[in-house]
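Below is one structure, written out as structure tokens; comments come after it.
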Amino acid sequence: MKNLLTTTDLSISEINKILSDAQFFLDGGKWLPEQKVFVANLFFENSTRTKCSFEVAERRLGLDIIPFEVSTSSVSKGETLYDTVKTLEAIGVNTVVIRHNQDRYFDELIGKADVSVINAGDGCGHHPTQSLLDLLTIKQEFGSFEGLKVAIIGDIRHSRVARSNADTLARLGATVVFSGPVEWFDEEILQNGTYENIDTAVETSDVVMLLRIQHERHDEKGNTEADVYHKAFGLTEEREKRMKAGSIIMHPAPVNRDVEIADSLVECERSRIFKQMQNGVYIRMAVLKRSIEGSSQNDNINQKWSIAN
Amino acid sequence: MKNLLTTTDLSISEINKILSDAQFFLDGGKWLPEQKVFVANLFFENSTRTKCSFEVAERRLGLDIIPFEVSTSSVSKGETLYDTVKTLEAIGVNTVVIRHNQDRYFDELIGKADVSVINAGDGCGHHPTQSLLDLLTIKQEFGSFEGLKVAIIGDIRHSRVARSNADTLARLGATVVFSGPVEWFDEEILQNGTYENIDTAVETSDVVMLLRIQHERHDEKGNTEADVYHKAFGLTEEREKRMKAGSIIMHPAPVNRDVEIADSLVECERSRIFKQMQNGVYIRMAVLKRSIEGSSQNDNINQKWSIAN
Amino acid sequence: MKNLLTTTDLSISEINKILSDAQFFLDGGKWLPEQKVFVANLFFENSTRTKCSFEVAERRLGLDIIPFEVSTSSVSKGETLYDTVKTLEAIGVNTVVIRHNQDRYFDELIGKADVSVINAGDGCGHHPTQSLLDLLTIKQEFGSFEGLKVAIIGDIRHSRVARSNADTLARLGATVVFSGPVEWFDEEILQNGTYENIDTAVETSDVVMLLRIQHERHDEKGNTEADVYHKAFGLTEEREKRMKAGSIIMHPAPVNRDVEIADSLVECERSRIFKQMQNGVYIRMAVLKRSIEGSSQNDNINQKWSIAN
């Protein structure tokens, strides 16, 4: 398969292959595509981590990157995502990495465009490379997922990460529990794990995964004051002291310091927050490799477009 | 000649050389400059196709590309185009590709800057690489231009494409006719072709070239409602059925679907719209090659700036 | 030392080493890092010259450049400079070049991040690479700094260039004088040079260094009308005629033509304005080389992040 749209679409063996390729790259392993590969990163939402991480991964694989800025593209003349992607395909782009504020934006592309699509986040839907880098971080720590308890805490409803991770962790044998403000939960989410009191969740889990409060996705009234939230659902210094021995802290970042997590804990010994970012580069290298290898299009780029004349 | 400003400036033999070099690149031919060449793409108007197409072409030729975003440059401190280009020249840029909303913006540069200028669209003036890629698309289809009838339909007055194409096609032996709302015509344009009724034009031409309604260049009152326009001057499904055998549809894109052309026809068998985009990359490679070869500046970059000390 | 924050931090011998490396590069000398080096240019203020100059320098040294646009980064979600830089470090960036509107923004980074920081301008504070390129331009002209008289004229208070240059030139043996509107001076600045009448300064100096009126840093009432300023403190055609034989004109640009300097003088024989820009590329190559050589981090990038698993 050349596309990566959701982790739900990935079989366990595909997930394990990606994790093992990422570890191979992290350990200094080399792999380069046999042909020139052009990639474009289409970020319709702001990003530092994910976008820069793909940019590093693409350069490490020797890909040719075509810069694309939404604000100065023809999107501002009203061009649709479909026409934008078909245009990039026509000029020779092989892979597009897309972040878009619309859930399942990729449904209008798949089967109609030959270009490979890698989902870098769709609306409140999925964020498969974030989920995979979380899995790699957990695997590096504990060796496997079987029997682990993972607490996902915070703004569940707006989180692509919660959705992508809960399903996949359950399939890999981990137990998932959720915590956070109850008004941010819905029935669909709770199919993959039960709700737990914040203190129980923090004290009994191997992985405490905090989610960012996405101010930009909340209406005014949904906002909780930062310090109130921190005391009620944040990882305070007090809560951290009661965490299990050997347990770790994760957060997809950007972190709201002193909201989801105490400022002093962001870089503490239990924290794997920056390790997650580092792993992200190697996961994205593995995902790009899979996409390039899986794309029949890449076998014969020039041939495909040859024209009788 | 190192600059490319308008197609009107190009002789027939220069046009044929560019088309033949583009076809050489399309057929997999290789050419790389002997020295490091720095290029900057200065797009003062939004663009996906033209900008990304130049970016791909530049990378295929191994050029070094200096990113330039108007909104974060000193242009926003009031720096003029002239001073911006002279600055880029001073820091070692050899070629600038410019799109600007001012007609003939290049008049203030030529003869005063040593850098090569490639026009990627000036105001309502010229768009030579679009015109050349249109010519390549037509030539691939029909082998030559002699005796062909080309209908250019739509927003003629605001179209750089109409202006660049009409003159060149006439010089190459084709017959050009225009159609569209009469209030969008002027005397100057009609020097290179006659006005025809939309149905006659569509039914009797070898090439039906539709132009984009440029909402961004119209005052409010000049706008025609989309569906009214589509029925009066658009390529409807009904009109397409009455097209000549072997005739083709072209459009510089971005397309306003169901305005200039029925949504269902954009990717129909007669449509060369995406082929035009593909050809654009190879035309731009040919144009860049011509510019690099024609630039005496490139012979001796370091020498030029050497300083006694 | 891997960082470059202010010229004040540089010893005379460090300055001379950078100037001599820059001249080595200008004369065609080659130096490439032994390992892949990733760099990101973080410009929180608009720039053409400095940003593009770093981009050229980085490409000439074969560095891998990770694009970073403030407006589309997580900075717009409220992420701090510290967290942004730590993120880039985590994903493998080795060097960050930063321009920021806050004085001494780098104080919150140094000692806490392993990445090398190169200051491309902080608030009204420092601009060390501009200062170094000014020194190179003066050295190329006069061979040494001992006994030279340099007049720095204009908007001293808001000028990073004035601050960086005055101290360094004094240490190198030159005499610095200032001129311009008295309301734009402060006691601190005058520690490194005396105030002189504009005509005396212009007529008796070896280097007439004009500063840009930074409209974007002035409140409304601080603005002086352009033509009034030009007559009172600008380099008019009349003043230029009274300059010393062999003396030169400098300006960090962008120039407000007919304000700080008569339009006709920008490219006159005495002007080194575009030579300064050219020198900037080689200075930045020298500064990047120093940073890469001085960074122990670069010795063992993969090792640093290796993770037991």
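Identifiers in the structure tokens: chain A, B, ... in order shown; residue index from 1 per chain; ligand index from 1 in order shown.
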
All residues 7 Å or closer to segment 14-28 of chain C, only C-alpha atoms, same chain fewer than 2 positions away omitted, as a PyMOL selection string: chain C and resi 10-12+30+136+282-283+285-287

Contact residues (chain A, partner chain B, 10 Å, only C-alpha atoms) as a ChimeraX atom specification: /A:36,38,40,64-80,83-84,86-93,302-303,305-309

Contact residues around Leu172 of chain C with only C-alpha atoms at 12 Å, ignoring same-chain residues under 3 positions, as a PyMOL selection string: chain C and resi 7-8+10-13+15-16+135+138-139+144-150+165-169+175-176

8 Å contact set for Gly154 of chain B, only C-alpha atoms, chain neighbours under 6 positions out, as a ChimeraX atom specification: /B:179-181,184,210-213,233,260

Env of Thr200 of chain B: 10 Å cut, atoms = only C-alpha atoms, seq-sep filter 3 positions within chain, self excluded. Answer as an mmCIF file with C-alpha atoms, in the first residue's frame.
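Output contents, as saved in around.cif:
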data_model
loop_
_atom_site.group_PDB
_atom_site.id
_atom_site.type_symbol
_atom_site.label_atom_id
_atom_site.label_comp_id
_atom_site.auth_asym_id
_atom_site.auth_seq_id
_atom_site.Cartn_x
_atom_site.Cartn_y
_atom_site.Cartn_z
ATOM 1 C CA ALA B 151 -10.519 29.399 -30.544
ATOM 2 C CA SER B 179 -15.258 34.346 -28.304
ATOM 3 C CA GLU B 196 -16.804 34.461 -33.531
ATOM 4 C CA ASN B 197 -20.073 33.265 -32.055
ATOM 5 C CA GLU B 203 -17.751 23.488 -33.593
ATOM 6 C CA THR B 204 -15.146 24.514 -36.149
ATOM 7 C CA SER B 205 -11.885 24.742 -34.210
ATOM 8 C CA ARG B 239 -21.296 22.007 -26.920
ATOM 9 C CA ARG B 242 -20.547 19.140 -31.402
ATOM 10 C CA MET B 243 -16.761 19.603 -31.393
#

Atom-to-atom span, atom CA of Ile261 of chain B and atom CA of Lys241 of chain B, Å: 13.0 Å

Shell of 7 Å around Val97 of chain B, only C-alpha atoms, local chain residues under 6 positions omitted, as number ranges by chain: B: 40-42, 117-120

Pairwise distance for atom CA of Met209 of chain A and atom CA of His100 of chain A, rounded to one decimal in Å: 23.9 Å
